[in-house]
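Participant: Structure file coords33.txt (compact mmCIF, C-alpha atoms) is given on the next line.
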# COMPACT_ATOMS: atom_id res chain seq x y z
CA MET A 968 7.10 12.36 133.75
CA THR A 969 5.33 10.13 131.29
CA GLU A 970 6.80 6.91 130.27
CA PRO A 971 7.67 6.28 126.63
CA ALA A 972 5.29 4.30 124.56
CA ALA A 973 7.92 2.83 122.21
CA PRO A 974 8.63 -0.30 124.19
CA ALA A 975 5.02 -1.16 124.32
CA LYS A 976 4.65 -0.89 120.53
CA THR A 977 7.76 -2.99 119.76
CA ALA A 978 6.46 -5.68 121.91
CA ILE A 979 3.19 -5.74 119.98
CA ILE A 980 4.66 -6.03 116.38
CA PRO A 981 5.77 -9.52 115.55
CA LYS A 982 9.38 -10.11 114.18
CA ALA A 983 8.23 -12.11 111.22
CA ASP A 984 6.32 -9.25 109.56
CA THR A 985 8.90 -6.32 109.94
CA PRO A 986 12.47 -6.97 108.78
CA PRO A 987 15.26 -5.64 110.97
CA ARG A 988 16.95 -2.15 110.17
CA ARG A 989 20.43 -3.71 110.06
CA ASN A 990 19.49 -5.82 107.13
CA ARG A 991 18.41 -2.75 105.12
CA TRP A 992 21.62 -0.94 105.76
CA THR A 993 23.46 -4.00 104.75
CA LEU A 994 21.74 -3.95 101.39
CA TRP A 995 22.21 -0.23 100.71
CA LEU A 996 25.82 0.07 101.89
CA PRO A 997 27.48 -1.66 98.91
CA LEU A 998 25.32 0.29 96.51
CA LEU A 999 26.24 3.55 98.14
CA THR A 1000 29.91 2.56 98.16
CA LEU A 1001 29.76 1.74 94.47
CA LEU A 1002 28.06 5.02 93.67
CA LEU A 1003 30.67 6.88 95.74
CA LEU A 1004 33.49 5.18 93.97
CA CYS A 1005 31.96 5.96 90.59
CA GLY A 1006 31.57 9.59 91.56
CA LEU A 1007 35.15 9.76 92.81
CA GLY A 1008 36.36 8.13 89.67
CA ALA A 1009 34.42 10.54 87.48
CA GLY A 1010 35.66 13.53 89.53
CA GLY A 1011 39.23 12.27 89.52
CA TYR A 1012 39.13 11.79 85.79
CA GLY A 1013 37.56 15.23 85.25
CA PHE A 1014 40.03 17.09 87.45
CA GLY A 1015 43.07 14.84 87.63
CA TRP A 1016 43.51 14.06 83.96
CA PRO A 1017 44.45 17.59 82.94
CA TRP A 1018 46.83 17.79 85.90
CA ALA A 1019 48.33 14.50 84.88
CA GLN A 1020 48.75 15.77 81.33
CA GLN A 1021 50.48 18.92 82.59
CA LEU A 1022 52.78 16.90 84.81
CA TRP A 1023 53.60 14.63 81.91
CA GLN A 1024 54.31 17.66 79.73
CA ARG A 1025 56.72 18.97 82.38
CA PHE A 1026 58.47 15.63 82.48
CA GLU A 1027 58.86 15.73 78.71
CA ASP A 1028 60.26 19.31 78.85
CA LEU A 1029 62.74 18.33 81.53
CA GLU A 1030 63.81 15.37 79.49
CA ARG A 1031 64.22 17.56 76.42
CA GLN A 1032 66.34 20.07 78.41
CA VAL A 1033 68.50 17.27 79.73
CA VAL A 1034 69.05 16.05 76.18
CA ASP A 1035 69.94 19.56 74.98
CA ALA A 1036 72.36 20.03 77.89
CA GLN A 1037 74.05 16.74 77.07
CA ALA A 1038 74.31 17.81 73.43
CA GLN A 1039 75.87 21.12 74.40
CA ALA A 1040 78.26 19.39 76.76
CA ALA A 1041 79.29 17.04 73.99
CA ALA A 1042 79.84 19.94 71.50
CA PRO A 1043 83.24 21.80 71.51
CA GLY A 1044 83.16 24.57 74.22
CA PRO A 1045 84.01 28.30 73.68
CA ASP A 1046 87.44 29.91 74.37
CA VAL A 1047 87.87 30.19 78.11
CA ALA A 1048 90.49 32.99 77.79
CA ALA A 1049 88.18 35.06 75.61
CA LEU A 1050 85.41 34.59 78.10
CA ALA A 1051 87.77 35.62 80.89
CA ARG A 1052 88.91 38.71 78.98
CA ALA A 1053 85.34 39.62 78.23
CA ALA A 1054 84.43 39.19 81.86
CA ALA A 1055 87.47 41.26 82.92
CA ASN A 1056 86.65 44.01 80.43
CA SER A 1057 83.10 44.10 81.56
CA SER A 1058 84.23 44.32 85.20
CA VAL A 1059 86.76 47.07 84.40
CA GLN A 1060 84.16 49.00 82.43
CA SER A 1061 81.67 48.64 85.22
CA GLY A 1062 84.34 49.81 87.72
CA LEU A 1063 85.24 52.80 85.54
CA ALA A 1064 81.60 53.65 85.12
CA SER A 1065 81.16 53.48 88.88
CA LEU A 1066 84.22 55.74 89.44
CA GLU A 1067 82.99 58.19 86.83
CA ASP A 1068 79.60 58.32 88.49
CA ASP A 1069 81.26 58.95 91.86
CA TRP A 1070 83.50 61.65 90.35
CA GLN A 1071 80.57 63.34 88.67
CA ARG A 1072 78.64 63.33 91.94
CA GLU A 1073 81.62 64.80 93.84
CA LEU A 1074 82.18 67.42 91.12
CA SER A 1075 78.55 68.41 91.19
CA ALA A 1076 78.66 68.68 94.95
CA LEU A 1077 81.87 70.78 94.78
CA ARG A 1078 80.37 73.11 92.18
CA ALA A 1079 77.24 73.51 94.23
CA ARG A 1080 79.33 74.28 97.32
CA GLN A 1081 81.49 76.80 95.43
CA ASN A 1082 78.43 78.51 93.97
CA ALA A 1083 76.91 78.73 97.41
CA GLU A 1084 80.14 80.15 98.88
CA ARG A 1085 80.45 82.64 96.01
CA ALA A 1086 76.88 83.77 96.45
CA GLU A 1087 77.47 84.17 100.16
CA SER A 1088 80.66 86.18 99.55
CA VAL A 1089 78.86 88.44 97.08
CA ARG A 1090 76.09 88.95 99.55
CA GLN A 1091 78.50 89.81 102.35
CA LEU A 1092 80.50 92.14 100.09
CA THR A 1093 77.35 93.89 98.95
CA GLY A 1094 76.31 94.35 102.54
CA ARG A 1095 79.69 95.74 103.51
CA MET A 1096 79.70 98.13 100.57
CA GLY A 1097 76.27 99.35 101.52
CA ARG A 1098 77.38 99.90 105.12
CA LEU A 1099 80.52 101.73 103.96
CA GLU A 1100 78.48 103.98 101.69
CA ASP A 1101 76.17 104.76 104.56
CA GLN A 1102 79.13 105.55 106.80
CA MET A 1103 80.70 107.76 104.15
CA ASP A 1104 77.43 109.62 103.72
CA ARG A 1105 77.18 110.13 107.47
CA LEU A 1106 80.82 111.21 107.79
CA LEU A 1107 80.79 113.61 104.89
CA ALA A 1108 77.28 114.89 105.43
CA VAL A 1109 77.73 117.73 102.96
CA ASP A 1110 75.74 118.66 99.92
CA ARG A 1111 76.75 119.60 96.42
CA ARG A 1112 77.36 123.22 97.36
CA ALA A 1113 80.09 122.30 99.82
CA TRP A 1114 81.78 120.08 97.23
CA LEU A 1115 81.77 122.86 94.67
CA GLY A 1116 83.11 125.28 97.27
CA GLN A 1117 85.98 122.94 98.14
CA GLU A 1118 86.89 122.63 94.47
CA ALA A 1119 86.84 126.43 94.11
CA VAL A 1120 89.21 126.70 97.08
CA PHE A 1121 91.58 124.27 95.40
CA LEU A 1122 91.52 126.23 92.13
CA THR A 1123 92.15 129.51 93.94
CA ARG A 1124 95.08 128.04 95.83
CA LEU A 1125 96.50 126.64 92.60
CA ALA A 1126 96.21 130.06 90.92
CA GLY A 1127 98.20 131.64 93.75
CA GLN A 1128 100.90 129.00 93.41
CA ARG A 1129 101.18 129.59 89.67
CA LEU A 1130 101.67 133.31 90.29
CA LEU A 1131 104.20 132.78 93.05
CA VAL A 1132 106.31 130.09 91.42
CA ALA A 1133 106.06 130.66 87.66
CA ARG A 1134 104.45 134.15 87.48
CA ASP A 1135 102.04 132.62 84.98
CA VAL A 1136 99.36 135.29 84.72
CA GLU A 1137 97.36 133.55 81.99
CA ALA A 1138 97.09 130.30 83.95
CA ALA A 1139 96.04 132.20 87.07
CA LEU A 1140 93.31 134.00 85.12
CA VAL A 1141 91.94 130.71 83.77
CA LEU A 1142 91.94 129.10 87.23
CA LEU A 1143 90.16 132.06 88.82
CA GLU A 1144 87.57 132.00 86.04
CA GLN A 1145 86.88 128.31 86.72
CA ALA A 1146 86.60 128.94 90.47
CA ASP A 1147 84.09 131.75 89.85
CA ALA A 1148 82.04 129.44 87.57
CA LEU A 1149 81.88 126.80 90.34
CA LEU A 1150 80.73 129.35 92.90
CA ARG A 1151 78.10 130.56 90.45
CA ASP A 1152 76.78 127.00 90.05
CA THR A 1153 76.31 126.63 93.81
CA GLY A 1154 73.69 129.38 93.90
CA GLU A 1155 74.76 130.16 97.47
CA PRO A 1156 74.23 133.84 98.46
CA ASN A 1157 77.10 133.70 100.98
CA PHE A 1158 79.58 133.32 98.10
CA GLU A 1159 78.73 136.72 96.60
CA GLY A 1160 81.48 138.50 98.54
CA VAL A 1161 83.99 135.88 97.44
CA ARG A 1162 82.97 136.30 93.83
CA LEU A 1163 83.49 140.07 94.11
CA ALA A 1164 87.01 139.48 95.45
CA ILE A 1165 87.74 137.07 92.61
CA ALA A 1166 86.51 139.62 90.09
CA ARG A 1167 88.89 142.26 91.54
CA ASP A 1168 91.80 139.82 91.34
CA ARG A 1169 90.98 138.99 87.73
CA ALA A 1170 90.88 142.67 86.82
CA ALA A 1171 94.23 143.22 88.52
CA LEU A 1172 95.79 140.29 86.67
CA ALA A 1173 94.43 141.51 83.36
CA ALA A 1174 96.16 144.87 83.96
CA VAL A 1175 99.58 143.29 84.60
CA PRO A 1176 101.96 144.16 81.71
CA VAL A 1177 103.06 141.19 79.65
CA VAL A 1178 106.79 140.42 79.73
CA ASP A 1179 108.13 139.24 76.38
CA GLN A 1180 110.56 136.70 77.78
CA VAL A 1181 111.21 135.10 74.41
CA GLY A 1182 112.08 138.43 72.80
CA LEU A 1183 114.31 139.53 75.68
CA TYR A 1184 116.12 136.21 75.68
CA ALA A 1185 116.74 136.51 71.93
CA ARG A 1186 118.08 140.10 72.27
CA LEU A 1187 120.49 139.02 75.01
CA SER A 1188 121.66 136.09 72.90
CA GLY A 1189 122.40 138.49 70.06
CA LEU A 1190 124.46 140.67 72.42
CA VAL A 1191 126.46 137.61 73.46
CA ASP A 1192 127.36 137.04 69.80
CA GLN A 1193 128.40 140.71 69.44
CA VAL A 1194 130.61 140.50 72.53
CA GLU A 1195 132.40 137.49 71.10
CA GLN A 1196 133.35 139.60 68.03
CA LEU A 1197 135.07 142.38 70.00
CA GLN A 1198 138.78 142.53 69.01
CA LEU A 1199 141.86 144.57 69.86
CA GLU A 1200 143.71 146.40 67.05
CA PHE A 1201 146.81 144.28 67.37
CA GLU A 1202 144.86 141.00 67.49
CA ALA A 1203 144.77 139.10 64.21
CA PRO A 1204 141.66 136.98 63.75
CA ALA A 1205 142.42 133.28 63.54
CA SER A 1206 140.65 132.98 60.19
CA ASP A 1207 142.83 135.71 58.66
CA MET A 1208 146.02 134.09 59.94
CA LYS A 1209 145.02 130.76 58.43
CA ALA A 1210 144.24 132.40 55.11
CA ASP A 1211 147.62 134.12 55.10
CA ALA A 1212 149.40 130.88 55.94
CA LEU A 1213 147.69 129.11 53.08
CA SER A 1214 148.42 131.90 50.58
CA THR A 1215 152.20 132.09 51.24
CA THR A 1216 154.02 130.09 48.63
CA GLY A 1217 157.35 131.87 48.00
CA TRP A 1218 160.30 132.75 50.17
CA ARG A 1219 159.41 136.40 50.17
CA GLU A 1220 155.90 135.64 51.40
CA ARG A 1221 157.24 133.32 54.07
CA ALA A 1222 159.75 136.00 55.19
CA SER A 1223 157.01 138.59 55.39
CA ALA A 1224 154.80 136.24 57.36
CA GLY A 1225 157.65 135.52 59.77
CA TRP A 1226 158.26 139.24 60.22
CA GLN A 1227 154.58 139.82 60.97
CA ALA A 1228 154.59 136.95 63.45
CA ALA A 1229 157.67 138.39 65.16
CA LEU A 1230 156.02 141.80 65.44
CA ALA A 1231 152.87 140.19 66.86
CA LYS A 1232 154.89 138.31 69.43
CA LEU A 1233 156.83 141.45 70.33
CA SER A 1234 153.59 143.36 70.77
CA ASP A 1235 152.66 140.98 73.58
CA TYR A 1236 155.59 142.26 75.59
CA LEU A 1237 156.00 145.83 74.35
CA ILE A 1238 153.14 148.33 74.14
CA ILE A 1239 153.69 151.97 73.14
CA ARG A 1240 151.16 154.45 74.51
CA ARG A 1241 150.80 158.10 75.40
CA ARG A 1242 150.72 159.15 79.00
CA SER A 1243 147.28 160.68 78.51
CA ASP A 1244 145.69 157.36 77.41
CA GLU A 1245 143.43 155.41 79.75
CA ILE A 1246 144.51 152.23 81.43
CA ALA A 1247 142.12 150.28 79.24
CA GLN A 1248 144.50 150.51 76.34
CA LEU A 1249 147.08 148.43 78.24
CA MET A 1250 144.99 145.24 77.74
CA THR A 1251 146.82 142.25 76.39
CA PRO A 1252 145.11 139.59 74.25
CA GLU A 1253 144.76 137.44 77.36
CA TRP A 1254 143.04 140.25 79.24
CA ALA A 1255 140.83 140.93 76.21
CA ALA A 1256 139.74 137.29 76.12
CA LEU A 1257 139.00 137.43 79.84
CA ALA A 1258 136.95 140.60 79.39
CA ARG A 1259 134.93 139.03 76.59
CA GLN A 1260 134.31 135.92 78.68
CA ASN A 1261 133.17 137.98 81.67
CA SER A 1262 130.85 140.05 79.50
CA ARG A 1263 129.33 136.92 77.97
CA MET A 1264 128.83 135.27 81.39
CA LEU A 1265 127.21 138.42 82.80
CA ILE A 1266 124.79 138.63 79.87
CA GLU A 1267 123.92 134.95 80.33
CA GLN A 1268 123.40 135.68 84.03
CA SER A 1269 120.98 138.43 83.07
CA GLN A 1270 119.10 135.90 80.94
CA ILE A 1271 118.68 133.61 83.94
CA ALA A 1272 117.59 136.58 86.08
CA MET A 1273 115.04 137.53 83.44
CA LEU A 1274 113.56 134.01 83.35
CA SER A 1275 113.34 133.95 87.15
CA ALA A 1276 111.89 137.51 87.31
CA ASN A 1277 114.76 138.78 89.46
CA GLN A 1278 114.79 142.47 88.61
CA PRO A 1279 117.77 143.55 90.80
CA LEU A 1280 120.04 140.78 89.52
CA PHE A 1281 118.96 141.50 85.94
CA GLU A 1282 119.94 145.18 86.14
CA GLN A 1283 123.17 144.51 88.01
CA SER A 1284 124.31 141.90 85.48
CA LEU A 1285 123.67 144.26 82.55
CA GLN A 1286 125.54 147.13 84.23
CA ARG A 1287 128.60 145.02 84.96
CA SER A 1288 128.56 143.59 81.44
CA ALA A 1289 128.51 147.15 79.98
CA LYS A 1290 131.62 148.01 82.03
CA PHE A 1291 133.57 145.08 80.59
CA VAL A 1292 132.43 145.88 77.06
CA ALA A 1293 133.56 149.50 77.50
CA LEU A 1294 137.16 148.29 77.85
CA PHE A 1295 137.15 147.78 74.06
CA ALA A 1296 136.00 151.35 73.33
CA GLN A 1297 139.33 152.50 71.86
CA GLN A 1298 139.76 149.41 69.72
CA ASP A 1299 136.19 148.71 68.41
CA ALA A 1300 134.26 151.91 69.08
CA ASP A 1301 131.22 151.31 66.85
CA ARG A 1302 130.51 147.80 68.11
CA VAL A 1303 131.04 148.84 71.70
CA ALA A 1304 128.64 151.78 71.33
CA SER A 1305 125.95 149.54 69.85
CA ILE A 1306 126.33 146.91 72.58
CA VAL A 1307 126.34 149.47 75.41
CA ALA A 1308 123.23 151.14 73.98
CA ASP A 1309 121.37 147.85 73.82
CA LEU A 1310 122.43 146.96 77.35
CA GLY A 1311 121.22 150.31 78.63
CA ALA A 1312 117.89 149.90 76.88
CA LEU A 1313 117.44 146.45 78.39
CA GLN A 1314 118.11 147.81 81.87
CA ASN A 1315 114.91 149.83 81.60
CA GLN A 1316 112.82 146.71 80.97
CA ASN A 1317 110.50 145.71 83.81
CA ILE A 1318 110.83 141.93 83.91
CA ALA A 1319 109.03 141.50 87.28
CA PRO A 1320 105.83 143.55 87.32
CA ASP A 1321 103.84 143.60 90.55
CA LEU A 1322 101.28 140.81 90.79
CA PRO A 1323 98.13 140.85 92.91
CA ASP A 1324 98.08 138.81 96.09
CA LEU A 1325 95.38 136.14 96.10
CA THR A 1326 95.80 135.26 99.77
CA ASP A 1327 92.89 137.40 100.99
CA THR A 1328 90.51 135.97 98.41
CA ARG A 1329 91.53 132.41 99.25
CA SER A 1330 91.12 132.98 103.01
CA LEU A 1331 87.67 134.52 102.49
CA LEU A 1332 86.58 131.58 100.33
CA GLU A 1333 87.90 129.02 102.80
CA GLY A 1334 85.99 130.67 105.63
CA GLN A 1335 82.73 130.68 103.69
CA VAL A 1336 83.14 127.03 102.71
CA GLU A 1337 83.89 126.05 106.30
CA ARG A 1338 80.78 127.87 107.57
CA LEU A 1339 78.71 126.20 104.86
CA GLY A 1340 80.02 122.78 105.94
CA ASP A 1341 79.17 123.48 109.58
CA ARG A 1342 75.69 124.53 108.59
CA THR A 1343 75.00 121.44 106.46
CA SER A 1344 76.52 118.90 108.88
CA PRO A 1345 74.05 116.98 111.06
Could you write out this structure as structure tokens?
Facilitator:
Amino acid sequence: MTEPAAPAKTAIIPKADTPPRRNRWTLWLPLLTLLLLCGLGAGGYGFGWPWAQQLWQRFEDLERQVVDAQAQAAAPGPDVAALARAAANSSVQSGLASLEDDWQRELSALRARQNAERAESVRQLTGRMGRLEDQMDRLLAVDRRAWLGQEAVFLTRLAGQRLLVARDVEAALVLLEQADALLRDTGEPNFEGVRLAIARDRAALAAVPVVDQVGLYARLSGLVDQVEQLQLEFEAPASDMKADALSTTGWRERASAGWQAALAKLSDYLIIRRRSDEIAQLMTPEWAALARQNSRMLIEQSQIAMLSANQPLFEQSLQRSAKFVALFAQQDADRVASIVADLGALQNQNIAPDLPDLTDTRSLLEGQVERLGDRTSP
């Protein structure tokens, strides 16, 4: 290592010619301090004066606010109760508004839940209906031809019932015509035999003689009126007796009327006849009334038999009625002859003509429909 040369040089320079470094720093230090202070002062003035002005402005604002607050405190204050009511009203209104908002939210939620439940119910119901329709289709499993055949069977059965119960030939014809139209619409060849049977039944029904029930009932009613007018010779009609009673004004008329009444009363107990006369002439007015009543009831019975198409009862009732009417032959011959003739003519009326039996046609149709259903079922 080399030794430094500085100590050798300092030893050579004399102290009187070179001033010491401490003395120079001593001269420059105050100057630098002064310059630093001037700079700080200039900087503080440049930056601190605006801040000082702002701070002073804040102080003035605070002082002004304090003065205003003191002035307001010194002025008369507002109504405390009004302020309280206003505050209470505002709180109540805010509470009501809050409750209304909650209620609206709950209502909206409830409506949304109900709509969702309704939509779910509709969806489930639609699904069930679809499943039921599918099940019905699988269970029935028949086509339009089978449906039309079943309806034709029903119409044929109904036509047979109309013939059996009411002997309504016209209704049976209409029902068979409708059944044949349904079988025609099916277009099924297996129904041709059934249609032939229906055609035969329709022809047989068309050939059935028509019974004039209204006319027969009217003729029998007229005979009832004629039977009521049958009288014995010694019977005085009630209308004639009343006319005689009203026309008697003198004692002779009253005596004559009394004599006639006595004779009429005596005739109830005493009847003069020849031994060759028939027993029918022994009828009393009571027996005559009974005979008329029996004849009327038998004719009415024949009316009921005619309406019910009971041929044996119809003929029997007319025959028995003619026998009771014949008891008045000696007393009212012309009326009795007319009534007996009408009764005999009515006995020849056929009130129950033979009707065709639709059972075979119905059985044939039912068998064809059943075979068609078996063929169309899966």
Participant: For each of A:Arg1095, A:Arg1031, A:Arg1134, A:Arg1259, take the minimum atom-to-atom distance to A:Val1178, counting all atoms listed in the file, then give the residue where this is smallest.
Facilitator: A:Arg1134
Participant: In terms of the shortest atom-to-atom distance over all atoms listed in the file, which of A:Ala1173, A:Ala1312, A:Leu1331, A:Leu1066 is closest to A:Thr1123?
Facilitator: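 Selected residue with least distance to A:Thr1123: A:Leu1331.
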Participant: Just to confirm, what's the straight-line distance from atom CA of A:Val1303 to atom CA of A:Ala1256 in Å (one decimal)?
Facilitator: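 Answer for the atom CA of A:Val1303 to atom CA of A:Ala1256 separation: 15.1 Å.
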Participant: Find the residues around stretch 1113-1121 of chain A up to 12 Å (all atoms listed in the file counted), leave out those fewer than 3 positions away in its own chain, and share them as an MDAnalysis selection string.
Facilitator: chainID A and resid 1107:1110 1124:1128 1142:1155 1157:1158 1161:1162 1165 1325:1344
Participant: Name the residues in contact with A:Ala1133 at a cut-off of 12 Å, using all atoms listed in the file, excluding same-chain residues fewer than 3 positions from it; report them as an MDAnalysis selection string.
Facilitator: chainID A and resid 1125:1130 1136:1139 1274:1276 1319 1322
Participant: Can you work out the spacing between atom CA of A:Val1181 and atom CA of A:Asn1317 in Å, to one decimal?
Facilitator: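 Between atom CA of A:Val1181 and atom CA of A:Asn1317 the gap is 14.2 Å.
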Participant: Rounded to one decimal in Å, what is the spacing between atom CA of A:Pro1176 and atom CA of A:Val1307?
Facilitator: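 Straight-line distance from atom CA of A:Pro1176 to atom CA of A:Val1307 works out to 25.7 Å.
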Participant: Choose the residue, out of A:Val1033, A:Asp1299, A:Met1273, A:Lys1290, that has the smallest atom-to-atom separation from A:Asp1179; count all atoms listed in the file.
Facilitator: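 Among the listed residues, A:Met1273 lies closest to A:Asp1179.
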Participant: Name all residues at most 12 Å from A:Asp1192 (count only C-alpha atoms; drop same-chain ones fewer than 2 positions away) and give them as an MDAnalysis selection string.
Facilitator: chainID A and resid 1185:1190 1194:1197 1259:1260 1262:1264 1266:1267 1302 1306
Participant: Keeping C-alpha atoms for every residue in the selection just given, could you write it to a file as a short mmCIF file (atom, residue, chain, number, x, y, z; two decimals), in the frame of the given file?
Facilitator:
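In the end it all went to again21.cif:
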data_model
loop_
_atom_site.label_atom_id
_atom_site.label_comp_id
_atom_site.auth_asym_id
_atom_site.auth_seq_id
_atom_site.Cartn_x
_atom_site.Cartn_y
_atom_site.Cartn_z
CA ALA A 1185 116.74 136.51 71.93
CA ARG A 1186 118.08 140.10 72.27
CA LEU A 1187 120.49 139.02 75.01
CA SER A 1188 121.66 136.09 72.90
CA GLY A 1189 122.40 138.49 70.06
CA LEU A 1190 124.46 140.67 72.42
CA VAL A 1194 130.61 140.50 72.53
CA GLU A 1195 132.40 137.49 71.10
CA GLN A 1196 133.35 139.60 68.03
CA LEU A 1197 135.07 142.38 70.00
CA ARG A 1259 134.93 139.03 76.59
CA GLN A 1260 134.31 135.92 78.68
CA SER A 1262 130.85 140.05 79.50
CA ARG A 1263 129.33 136.92 77.97
CA MET A 1264 128.83 135.27 81.39
CA ILE A 1266 124.79 138.63 79.87
CA GLU A 1267 123.92 134.95 80.33
CA ARG A 1302 130.51 147.80 68.11
CA ILE A 1306 126.33 146.91 72.58
#
Participant: Restricting the calculation to all atoms listed in the file, which member of A:Leu1172, A:Glu1253, A:Leu998, A:Gln1198 is positioned closest to A:Ala1300?
Facilitator: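 Checking each of A:Leu1172, A:Glu1253, A:Leu998, A:Gln1198 against A:Ala1300, counting all atoms listed in the file, the winner is A:Gln1198.
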